[in-house]
Every structure is written in C-alpha cells, then in structure tokens.
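J.: Below is the structure I would like to discuss, written out as structure tokens.
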Amino acid sequence: MTIDRMDLVAKLYQPSTFPVVARVATGRRSAGPLVVDLDPTTFCDLACPECISGKLLNQGRFSPERLAELAGELVELDVRAVILIGGGEPLAHRGTRRVITTLGEAGIAVGVVTNGTMIDHNLDELATYADWVRVSVDAATPETFRLVRPDRRGGSAFDRVIDNMRKLAEVKKGALGYSYLVIVRSGPDGVIEGNHGEILAAAELARDIGCDFFEVKAQFDDEHHLIDLSPEILREVNAQIDAARRLAGDGFEVVNSSTIDSVQRRAGPVQPKDYHRCGVTELRTLVTPSGVYVCPYHRGNPAARLGDAVTEPLPDIWRRSDRGIIDPSRDCRFHCARHASNLELDEIAAGRAQPVLEHDHDLFI
C-alpha cells in the first residue's frame with residue numbers, strides 16, 4: 001500500500017508518527033515538532049505579482065553559521081521531516097546546501113519548494129538527499145512565465161528553470177514536481193489575463209521533463225482566503241485538468257491540491273472551524289528569520305509568533321512556547337490544508353482512530 005501524497009489524514013497513521021499524534025490528540029504537548037517548514041532567507045530573485053509573501057520579502061536571512069546550528073537543533077529535536085521553503089527562495093542562501101546535507105545524513109526527510117532558478121547551484125545535494133523537490137512554475141511558455149513570475153527586471157527565467165528541472169530529473173533520488181498555481185487577474189482595460197489557458201500544455205511539459213507529479217493549486221488573497229474563478233474560466237480549468245489526467249502513468253501523476261478541489265466544489269473563500277485549538281501546531285511549525293510561527297499561514301503574524309530563532313535555540317523555544325495562542329475558529333477562517341487533520345485528531349481522541357499502517361510512507365504530515 002502507498003499513501004496518496006495529498007492524503008494528510010492517512011499520513012497521521014504511520015507507525016513512527018502515530019504515537020506522537022495520539023498524544024497530541026488527547027491534549028498533551030509534543031516534545032518537538034514532527035515536521036518543520038524552514039525559511040533560510042526572505043530574499044527572492046523573482047517578483048511575482050501574486051506572491052502571498054510579497055510584503056515579507058527581502059527583509060533578512062539567517063547567517064550561514066546560525067542556519068547550520070539550526071540544522072543540528074532539528075536533529076536534536078528528532079524532527080522527522082523538513083521542508084525548505086520560504087517567504088523567499090530557499091536555494092538563494094549559500095548555507096542551504098549544508099543544511100540539506102546535515103538533515104539528509106541524519107535520516108531526516110527533506111522536501112524543497114523552489115522557483116527553480118538556482119537548482120543547478122545545489123544539484124548534488126538535491127539529487128542525493130531531497131525526498132522531493134517541487135518547482136513553482138505556473139506556466140508552459142516563457143511569455144506566460146514573464147506575466148506571472150517575472151524577475152525583478154521584468155524578464156523571464158522560464159528557459160533556465162526548465163533546463164534546471166531537466167538536469168535534476170536526470171540525477172534525482174526523490175520525486176520532482178511541477179507546481180501550477182492557477183492565476184487570473186484583470187489586466188489593462190479590464191481584460192482578463194493569466195495562466196489558466198496553459199494547464200494542459202504545462203502538464204505535457206512536466207511529463208516530458210521527467211517530473212513525477214504535476215500539481216494544480218488555487219490562488220489565495222493576501223489573507224489566505226481562496227479566490228473563486230468565474231464559471232467560464234472554471235469550466236476551462238476543469239477541462240484542462242481532466243485532459244491532463246489522461247497523461248498519468250509510467251510514474252507520472254496529476255494531482256489536485258485541496259485548494260483547487262475547494263474551488264471546484266464552490267466551497268467559497270471562508271472555511272469555518274468550530275474548534276478553538278489547532279492540534280496540528282503540536283506536530284508542525286514554521287521557522288523563519290523573523291521568528292518561529294505556529295504555521296505558514298501565519299508567517300509574519302506577531303500574534304502567532306512563538307520565539308526568535310535567530311537568537312534562541314529552537315529546542316528552548318519549543319519547550320516554553322504556547323502553541324495554543326491561535327484560535328482557529330477566530331483566526332483561521334481561511335482555507336487550511338490541515339483542517340481535516342484537526343478533525344481527525346478529534347476522532348482519535350474519541351476512540352475512533354483508524355488502524356495504524358504497517359510501514360512509514362510519507363512523513364510530511
């Protein structure tokens with residue numbers, strides 16, 4: 001049996017994670033997070049108009065020395081998986097290669113979310129230690145890439161990104177993903193522009209590159225609420241996703257994120273929650289140069305800040321912090337990918353847990 005990479009509930013029942021999950025479900029604190037999202041830097045070489053972290057970019061980074069220490073602290077905390085991500089581009093930090101190596105050699109699963117422009121500078125480490133690399137491309141042509149993911153001079157790095165992905169596909173150990181955020185905006189004179197017409201072409205390109213998966217995602221506003229698509233554009237998007245699914249096979253899959261699923265269901269921008277504590281904050285956390293936060297949705301939110309990882313050891317922050325400072329019913333009315341996991345924690349607490357799996361499959365819960 002294998003777990004769908006998007007099935008976050010099933011991942012709770014892996015044998016190495018479930019004891020911690022069961023403890024958290026009963027309201028107890030965890031000794032350390034199982035998964036950490038780590039932002040090495042807030043610098044980015046692109047200037048994407050729809051960047052959800054646009055207001056936080058280019059405002060600092062960890063020193064190479066502190067970043068190396070953090071990698072050791074993650075090993076000390078017995079973290080199972082680390083995602084190198086960021087308000088910025090994680091591969092832009094010269095210390096990231098050392099972090100990937102330290103974590104990989106310690107047996108910690110490593111995931112990387114990148115814009116792809118600097119894969120070639122980190123190729124050996126990514127090929128050797130990354131369990132997966134997901135590249136945010138959002139286009140199938142240089143012209144559309146320039147529209148949705150321009151560099152800071154307004155140019156297009158599309159050809160460089162695709163070339164880098166081909167290089168990684170030839171030598172990778174883990175999975176390579178092509179991420180496609182559906183972007184629609186009103187251009188000059190009210191003309192609708194975006195990338196919604198290139199989903200199928202991008203999926204075809206992803207398969208040609210040698211990617212293992214092609215992921216379609218929906219767009220958030222600045223407050224992380226989902227942005228709906230017009231009926232006409234949604235029909236076009238759905239038709240292209242359906243056509244792209246016919247490309248699946250021979251190790252290539254096309255997957256919907258929970259966000260695009262919600263848009264397809266017309267779930268609306270708000271996701272109500274009737275619980276007051278997020279149990280997943282005991283299982284995951286976010287570490288950035290500006291602070292440690294309960295989760296990526298609250299990156300940069302002072303009310304969700306647990307401590308300062310620049311000046312304080314992460315184990316100390318974890319021991320003393322209150323991960324219950326956020327009330328999901330009040331503070332998390334946006335779409336949250338871990339909402340179903342929180343509901344499952346309630347099921348576990350009520351004695352309705354599912355059977356624990358025989359083997360670990362994917363530790364990125």
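In the structure tokens, each chain is lettered A, B, ... as it comes, each chain's residues begin at 1, and ligands are numbered from 1 in order of appearance.
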DSSP on the backbone: which residues in stretch 233-344 of chain A end up as strand (DSSP E)? Give the answer as a compact mmCIF listing (two decimals) with C-alpha atoms, in the first residue's frame.
T.:
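As written to disk, out.txt reads:
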# COMPACT_ATOMS: atom_id res chain seq x y z
CA GLU A 253 0.70 11.62 -11.81
CA VAL A 254 -1.52 14.70 -11.97
CA VAL A 255 -2.80 15.81 -8.57
CA ASN A 256 -5.15 18.49 -7.29
CA ARG A 284 4.35 21.13 12.67
CA THR A 285 5.88 24.58 12.95
CA LEU A 286 7.47 27.31 10.83
CA VAL A 287 10.98 28.70 11.41
CA THR A 288 11.93 31.95 9.66
CA GLY A 291 10.58 34.37 14.07
CA VAL A 292 9.12 30.96 14.78
CA TYR A 293 5.41 30.85 13.96
CA ARG A 305 4.94 34.14 16.91
CA LEU A 306 6.49 31.60 19.27
CA GLY A 307 10.04 32.97 19.52
J.: Need to verify the contact set: A:Gly32, 9 Å, only C-alpha atoms, exclusion of same-chain residues closer than 4 positions in sequence. Can you return it as a ChimeraX atom specification?
T.: /A:77-79,282-284,315,318-319
J.: I need the alpha helix (DSSP H) residues of stretch 150-302 of chain A per DSSP on the backbone, written as a VMD selection string.
T.: chain A and resid 158 to 171 199 to 209 231 to 245 258 to 264
J.: Which one of A:Gly88, A:Pro296, A:Pro313, A:Gly249 sits closest to A:Glu69 if you count only C-alpha atoms?
T.: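 Closest to A:Glu69 of all the choices is A:Pro313.
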J.: When distances are computed from only C-alpha atoms, which of A:Gln219, A:Thr311, A:Asn342, A:Thr117 shows the smallest separation from A:Val280?
T.: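 Smallest separation from A:Val280 among the options: A:Asn342.
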J.: Set the distance at 12 Å and use only C-alpha atoms: which residues neighbour A:Leu147 once local chain neighbours fewer than 6 positions away are removed? I'd like the list as a PyMOL selection string.
T.: chain A and resi 46-50+137-141+154-158+183-185+187+193-195
J.: Keeping only N, CA, C and O atoms, take the residues you just selected and write them out as a PDB file, in the first residue's frame.
T.:
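What ended up in again_11.pdb:
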ATOM      1  N   LEU A  46      12.877  36.588  -7.963  1.00  0.00           N
ATOM      2  CA  LEU A  46      11.721  36.866  -8.801  1.00  0.00           C
ATOM      3  C   LEU A  46      10.832  37.912  -8.128  1.00  0.00           C
ATOM      4  O   LEU A  46      10.998  38.224  -6.950  1.00  0.00           O
ATOM      5  N   ALA A  47       9.889  38.436  -8.897  1.00  0.00           N
ATOM      6  CA  ALA A  47       8.991  39.481  -8.377  1.00  0.00           C
ATOM      7  C   ALA A  47       7.566  39.156  -8.808  1.00  0.00           C
ATOM      8  O   ALA A  47       6.933  39.904  -9.557  1.00  0.00           O
ATOM      9  N   CYS A  48       7.054  38.041  -8.327  1.00  0.00           N
ATOM     10  CA  CYS A  48       5.735  37.558  -8.740  1.00  0.00           C
ATOM     11  C   CYS A  48       4.650  38.465  -8.175  1.00  0.00           C
ATOM     12  O   CYS A  48       4.561  38.643  -6.962  1.00  0.00           O
ATOM     13  N   PRO A  49       3.791  39.033  -9.017  1.00  0.00           N
ATOM     14  CA  PRO A  49       2.766  39.966  -8.532  1.00  0.00           C
ATOM     15  C   PRO A  49       1.827  39.355  -7.504  1.00  0.00           C
ATOM     16  O   PRO A  49       1.352  40.049  -6.603  1.00  0.00           O
ATOM     17  N   GLU A  50       1.522  38.061  -7.641  1.00  0.00           N
ATOM     18  CA  GLU A  50       0.570  37.420  -6.726  1.00  0.00           C
ATOM     19  C   GLU A  50       1.246  36.735  -5.544  1.00  0.00           C
ATOM     20  O   GLU A  50       0.591  35.973  -4.822  1.00  0.00           O
ATOM     21  N   VAL A 137       6.252  26.719 -11.107  1.00  0.00           N
ATOM     22  CA  VAL A 137       6.458  27.165 -12.479  1.00  0.00           C
ATOM     23  C   VAL A 137       5.284  28.019 -12.957  1.00  0.00           C
ATOM     24  O   VAL A 137       5.471  29.119 -13.483  1.00  0.00           O
ATOM     25  N   ASP A 138       4.068  27.506 -12.834  1.00  0.00           N
ATOM     26  CA  ASP A 138       2.851  28.288 -13.110  1.00  0.00           C
ATOM     27  C   ASP A 138       2.735  28.758 -14.554  1.00  0.00           C
ATOM     28  O   ASP A 138       2.036  29.739 -14.840  1.00  0.00           O
ATOM     29  N   ALA A 139       3.400  28.090 -15.471  1.00  0.00           N
ATOM     30  CA  ALA A 139       3.364  28.495 -16.875  1.00  0.00           C
ATOM     31  C   ALA A 139       3.854  27.348 -17.732  1.00  0.00           C
ATOM     32  O   ALA A 139       4.475  26.395 -17.245  1.00  0.00           O
ATOM     33  N   ALA A 140       3.571  27.454 -19.045  1.00  0.00           N
ATOM     34  CA  ALA A 140       4.090  26.485 -20.016  1.00  0.00           C
ATOM     35  C   ALA A 140       4.932  27.148 -21.082  1.00  0.00           C
ATOM     36  O   ALA A 140       5.506  26.456 -21.923  1.00  0.00           O
ATOM     37  N   THR A 141       5.004  28.478 -21.054  1.00  0.00           N
ATOM     38  CA  THR A 141       5.754  29.226 -22.070  1.00  0.00           C
ATOM     39  C   THR A 141       6.509  30.372 -21.414  1.00  0.00           C
ATOM     40  O   THR A 141       6.116  30.857 -20.342  1.00  0.00           O
ATOM     41  N   GLY A 154      11.669  42.401 -14.870  1.00  0.00           N
ATOM     42  CA  GLY A 154      10.557  42.154 -15.764  1.00  0.00           C
ATOM     43  C   GLY A 154      10.819  41.104 -16.816  1.00  0.00           C
ATOM     44  O   GLY A 154      10.015  40.932 -17.738  1.00  0.00           O
ATOM     45  N   GLY A 155      11.919  40.384 -16.700  1.00  0.00           N
ATOM     46  CA  GLY A 155      12.260  39.359 -17.673  1.00  0.00           C
ATOM     47  C   GLY A 155      11.703  38.003 -17.308  1.00  0.00           C
ATOM     48  O   GLY A 155      11.025  37.834 -16.288  1.00  0.00           O
ATOM     49  N   SER A 156      11.993  37.010 -18.147  1.00  0.00           N
ATOM     50  CA  SER A 156      11.509  35.651 -17.945  1.00  0.00           C
ATOM     51  C   SER A 156      12.681  34.693 -17.766  1.00  0.00           C
ATOM     52  O   SER A 156      13.562  34.612 -18.630  1.00  0.00           O
ATOM     53  N   ALA A 157      12.664  33.949 -16.661  1.00  0.00           N
ATOM     54  CA  ALA A 157      13.685  32.934 -16.398  1.00  0.00           C
ATOM     55  C   ALA A 157      13.181  31.542 -16.761  1.00  0.00           C
ATOM     56  O   ALA A 157      13.763  30.540 -16.335  1.00  0.00           O
ATOM     57  N   PHE A 158      12.120  31.475 -17.562  1.00  0.00           N
ATOM     58  CA  PHE A 158      11.467  30.197 -17.854  1.00  0.00           C
ATOM     59  C   PHE A 158      12.427  29.164 -18.421  1.00  0.00           C
ATOM     60  O   PHE A 158      12.497  28.026 -17.939  1.00  0.00           O
ATOM     61  N   ILE A 183      -3.641  31.330 -11.930  1.00  0.00           N
ATOM     62  CA  ILE A 183      -3.637  32.768 -11.676  1.00  0.00           C
ATOM     63  C   ILE A 183      -4.510  33.471 -12.715  1.00  0.00           C
ATOM     64  O   ILE A 183      -4.310  33.295 -13.918  1.00  0.00           O
ATOM     65  N   VAL A 184      -5.466  34.218 -12.224  1.00  0.00           N
ATOM     66  CA  VAL A 184      -6.338  35.006 -13.091  1.00  0.00           C
ATOM     67  C   VAL A 184      -6.413  36.414 -12.524  1.00  0.00           C
ATOM     68  O   VAL A 184      -6.617  36.595 -11.321  1.00  0.00           O
ATOM     69  N   ARG A 185      -6.235  37.398 -13.382  1.00  0.00           N
ATOM     70  CA  ARG A 185      -6.299  38.790 -12.922  1.00  0.00           C
ATOM     71  C   ARG A 185      -6.920  39.671 -14.009  1.00  0.00           C
ATOM     72  O   ARG A 185      -6.976  39.281 -15.179  1.00  0.00           O
ATOM     73  N   GLY A 187      -6.431  42.599 -16.329  1.00  0.00           N
ATOM     74  CA  GLY A 187      -5.336  43.354 -16.907  1.00  0.00           C
ATOM     75  C   GLY A 187      -5.789  44.728 -17.357  1.00  0.00           C
ATOM     76  O   GLY A 187      -6.835  45.231 -16.921  1.00  0.00           O
ATOM     77  N   GLU A 193      -6.510  38.358 -17.821  1.00  0.00           N
ATOM     78  CA  GLU A 193      -5.257  37.728 -18.216  1.00  0.00           C
ATOM     79  C   GLU A 193      -4.829  36.747 -17.131  1.00  0.00           C
ATOM     80  O   GLU A 193      -5.296  36.805 -15.989  1.00  0.00           O
ATOM     81  N   GLY A 194      -3.957  35.849 -17.483  1.00  0.00           N
ATOM     82  CA  GLY A 194      -3.497  34.860 -16.518  1.00  0.00           C
ATOM     83  C   GLY A 194      -2.916  33.656 -17.219  1.00  0.00           C
ATOM     84  O   GLY A 194      -2.569  33.697 -18.406  1.00  0.00           O
ATOM     85  N   ASN A 195      -2.822  32.560 -16.476  1.00  0.00           N
ATOM     86  CA  ASN A 195      -2.185  31.350 -16.999  1.00  0.00           C
ATOM     87  C   ASN A 195      -3.159  30.198 -17.154  1.00  0.00           C
ATOM     88  O   ASN A 195      -2.754  29.057 -17.381  1.00  0.00           O
TER      89      ASN A 195
END
J.: Contacts of A:Gly177 at 8 Å or less, counting only C-alpha atoms, minus same-chain residues fewer than 5 places along, as a ChimeraX atom specification?
T.: /A:132-135,206,211-215
J.: Quick one, how far is atom CA of A:Glu73 from atom CA of A:Ala304?
T.: 21.4 Å
J.: Which value, in Å to one decimal, gives the distance between atom CA of A:Gln59 and atom CA of A:Leu123?
T.: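 Between these atoms lies a distance of 26.4 Å.
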J.: Can you tell me, as a PDB file with all heavy atoms, in the first residue's frame, what residues are no more than 9 Å from A:His339 when counting only C-alpha atoms, ignoring any on the same chain fewer than 6 positions away?
T.:
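As written to disk, result.pdb reads:
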ATOM      1  N   GLN A 271     -13.464  29.075   5.286  1.00  0.00           N
ATOM      2  CA  GLN A 271     -13.573  27.704   5.781  1.00  0.00           C
ATOM      3  C   GLN A 271     -13.850  27.777   7.291  1.00  0.00           C
ATOM      4  O   GLN A 271     -12.925  27.881   8.099  1.00  0.00           O
ATOM      5  CB  GLN A 271     -12.273  26.933   5.520  1.00  0.00           C
ATOM      6  CG  GLN A 271     -12.318  25.458   5.903  1.00  0.00           C
ATOM      7  CD  GLN A 271     -10.934  24.828   5.808  1.00  0.00           C
ATOM      8  OE1 GLN A 271      -9.998  25.240   6.488  1.00  0.00           O
ATOM      9  NE2 GLN A 271     -10.805  23.830   4.948  1.00  0.00           N
ATOM     10  N   LYS A 273     -14.474  26.989  11.159  1.00  0.00           N
ATOM     11  CA  LYS A 273     -13.959  25.968  12.076  1.00  0.00           C
ATOM     12  C   LYS A 273     -14.612  26.176  13.427  1.00  0.00           C
ATOM     13  O   LYS A 273     -14.693  27.311  13.906  1.00  0.00           O
ATOM     14  CB  LYS A 273     -12.432  26.067  12.180  1.00  0.00           C
ATOM     15  CG  LYS A 273     -11.733  25.925  10.822  1.00  0.00           C
ATOM     16  CD  LYS A 273     -10.256  26.244  10.906  1.00  0.00           C
ATOM     17  CE  LYS A 273      -9.599  26.110   9.540  1.00  0.00           C
ATOM     18  NZ  LYS A 273     -10.056  27.164   8.599  1.00  0.00           N
ATOM     19  N   CYS A 278      -5.663  24.395  17.566  1.00  0.00           N
ATOM     20  CA  CYS A 278      -5.151  23.635  16.424  1.00  0.00           C
ATOM     21  C   CYS A 278      -4.143  22.610  16.927  1.00  0.00           C
ATOM     22  O   CYS A 278      -3.025  22.960  17.317  1.00  0.00           O
ATOM     23  CB  CYS A 278      -4.493  24.582  15.416  1.00  0.00           C
ATOM     24  SG  CYS A 278      -3.684  23.729  14.037  1.00  0.00           S
ATOM     25  N   VAL A 280      -2.597  20.463  15.173  1.00  0.00           N
ATOM     26  CA  VAL A 280      -1.503  20.297  14.228  1.00  0.00           C
ATOM     27  C   VAL A 280      -0.320  21.198  14.569  1.00  0.00           C
ATOM     28  O   VAL A 280       0.813  20.900  14.217  1.00  0.00           O
ATOM     29  CB  VAL A 280      -2.006  20.544  12.787  1.00  0.00           C
ATOM     30  CG1 VAL A 280      -0.859  20.508  11.778  1.00  0.00           C
ATOM     31  CG2 VAL A 280      -3.046  19.493  12.403  1.00  0.00           C
TER      32      VAL A 280
END
J.: Name the closest residue to A:Thr26 among the candidates A:Asp208, A:Pro355, A:Gly107, A:Leu345; distances are taken between atoms, counting only C-alpha atoms.
T.: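 Checking each of A:Asp208, A:Pro355, A:Gly107, A:Leu345 against A:Thr26, counting only C-alpha atoms, the winner is A:Leu345.
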J.: Would you mind telling me which residue in A:Arg97, A:Arg330, A:His276, A:Arg66 lies nearest to A:Leu314 when using only C-alpha atoms?
T.: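 Looking at the shortest contact to A:Leu314, the residue is A:Arg66.
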J.: Neighbours of A:Gly116 within 12 Å (only C-alpha atoms; same-chain residues fewer than 5 positions away dropped), as a PyMOL selection string?
T.: chain A and resi 44-46+85+89-92+121-123+126+133-138+149+157-168+176-179
J.: Could you write out the selected residues, including N, CA and C atoms, as a compact mmCIF listing (two decimals), in the first residue's frame?
T.:
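What landed in again_23.txt:
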# COMPACT_ATOMS: atom_id res chain seq x y z
N CYS A 44 14.39 36.87 -2.62
CA CYS A 44 13.94 36.15 -3.80
C CYS A 44 14.37 36.92 -5.04
N ASP A 45 14.76 36.18 -6.07
CA ASP A 45 15.22 36.80 -7.30
C ASP A 45 14.09 37.03 -8.29
N LEU A 46 12.88 36.59 -7.96
CA LEU A 46 11.72 36.87 -8.80
C LEU A 46 10.83 37.91 -8.13
N ILE A 85 11.56 26.05 2.39
CA ILE A 85 10.53 26.76 1.64
C ILE A 85 10.84 28.23 1.76
N GLU A 89 13.37 32.64 -1.63
CA GLU A 89 13.82 31.47 -2.38
C GLU A 89 14.86 30.72 -1.53
N PRO A 90 14.54 29.52 -1.03
CA PRO A 90 15.45 28.83 -0.11
C PRO A 90 16.82 28.51 -0.70
N LEU A 91 16.89 28.25 -2.00
CA LEU A 91 18.17 27.91 -2.60
C LEU A 91 19.05 29.13 -2.84
N ALA A 92 18.52 30.33 -2.55
CA ALA A 92 19.33 31.54 -2.70
C ALA A 92 20.33 31.70 -1.56
N HIS A 121 22.90 25.23 -8.91
CA HIS A 121 23.91 25.52 -7.90
C HIS A 121 23.82 24.58 -6.70
N ASN A 122 22.74 23.83 -6.60
CA ASN A 122 22.50 22.93 -5.47
C ASN A 122 22.21 21.51 -5.96
N LEU A 123 22.64 21.20 -7.17
CA LEU A 123 22.21 19.98 -7.84
C LEU A 123 22.64 18.73 -7.09
N LEU A 126 20.55 18.27 -3.81
CA LEU A 126 19.16 17.94 -4.11
C LEU A 126 19.04 16.52 -4.65
N VAL A 133 11.39 17.55 -4.62
CA VAL A 133 11.61 18.96 -4.98
C VAL A 133 10.40 19.40 -5.79
N ARG A 134 9.72 20.44 -5.30
CA ARG A 134 8.55 20.96 -6.02
C ARG A 134 8.89 22.34 -6.55
N VAL A 135 8.81 22.48 -7.87
CA VAL A 135 9.19 23.74 -8.51
C VAL A 135 7.93 24.52 -8.88
N SER A 136 7.85 25.74 -8.41
CA SER A 136 6.72 26.61 -8.73
C SER A 136 6.95 27.22 -10.10
N VAL A 137 6.25 26.72 -11.11
CA VAL A 137 6.46 27.16 -12.48
C VAL A 137 5.28 28.02 -12.96
N ASP A 138 4.07 27.51 -12.83
CA ASP A 138 2.85 28.29 -13.11
C ASP A 138 2.73 28.76 -14.55
N ARG A 149 5.41 35.24 -13.29
CA ARG A 149 6.60 35.04 -12.44
C ARG A 149 7.80 35.82 -13.00
N ALA A 157 12.66 33.95 -16.66
CA ALA A 157 13.69 32.93 -16.40
C ALA A 157 13.18 31.54 -16.76
N PHE A 158 12.12 31.47 -17.56
CA PHE A 158 11.47 30.20 -17.85
C PHE A 158 12.43 29.16 -18.42
N ASP A 159 13.19 29.53 -19.44
CA ASP A 159 14.08 28.56 -20.08
C ASP A 159 15.12 28.03 -19.10
N ARG A 160 15.62 28.91 -18.23
CA ARG A 160 16.61 28.47 -17.23
C ARG A 160 15.98 27.51 -16.23
N VAL A 161 14.76 27.81 -15.79
CA VAL A 161 14.07 26.94 -14.84
C VAL A 161 13.84 25.55 -15.45
N ILE A 162 13.32 25.51 -16.66
CA ILE A 162 13.04 24.22 -17.30
C ILE A 162 14.33 23.44 -17.53
N ASP A 163 15.39 24.12 -17.93
CA ASP A 163 16.68 23.45 -18.11
C ASP A 163 17.18 22.88 -16.80
N ASN A 164 17.03 23.64 -15.71
CA ASN A 164 17.44 23.14 -14.39
C ASN A 164 16.63 21.92 -13.98
N MET A 165 15.33 21.94 -14.27
CA MET A 165 14.50 20.79 -13.92
C MET A 165 14.91 19.55 -14.71
N ARG A 166 15.27 19.73 -15.96
CA ARG A 166 15.74 18.59 -16.75
C ARG A 166 17.03 18.02 -16.16
N LYS A 167 17.92 18.90 -15.72
CA LYS A 167 19.17 18.43 -15.11
C LYS A 167 18.89 17.61 -13.86
N LEU A 168 17.96 18.11 -13.03
CA LEU A 168 17.64 17.38 -11.80
C LEU A 168 16.94 16.07 -12.10
N LEU A 176 10.28 14.71 -8.31
CA LEU A 176 10.34 16.07 -8.85
C LEU A 176 8.93 16.48 -9.25
N GLY A 177 8.48 17.63 -8.74
CA GLY A 177 7.13 18.09 -9.03
C GLY A 177 7.10 19.42 -9.75
N TYR A 178 6.11 19.58 -10.60
CA TYR A 178 5.88 20.80 -11.36
C TYR A 178 4.61 21.40 -10.77
N SER A 179 4.74 22.53 -10.08
CA SER A 179 3.61 23.14 -9.40
C SER A 179 2.99 24.21 -10.27
J.: Have a look at A:Cys295, A:Leu226, A:Val237, A:Ala303 and name the one nearest to A:Gly268; count only C-alpha atoms.
T.: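 Among the listed residues, A:Leu226 lies closest to A:Gly268.
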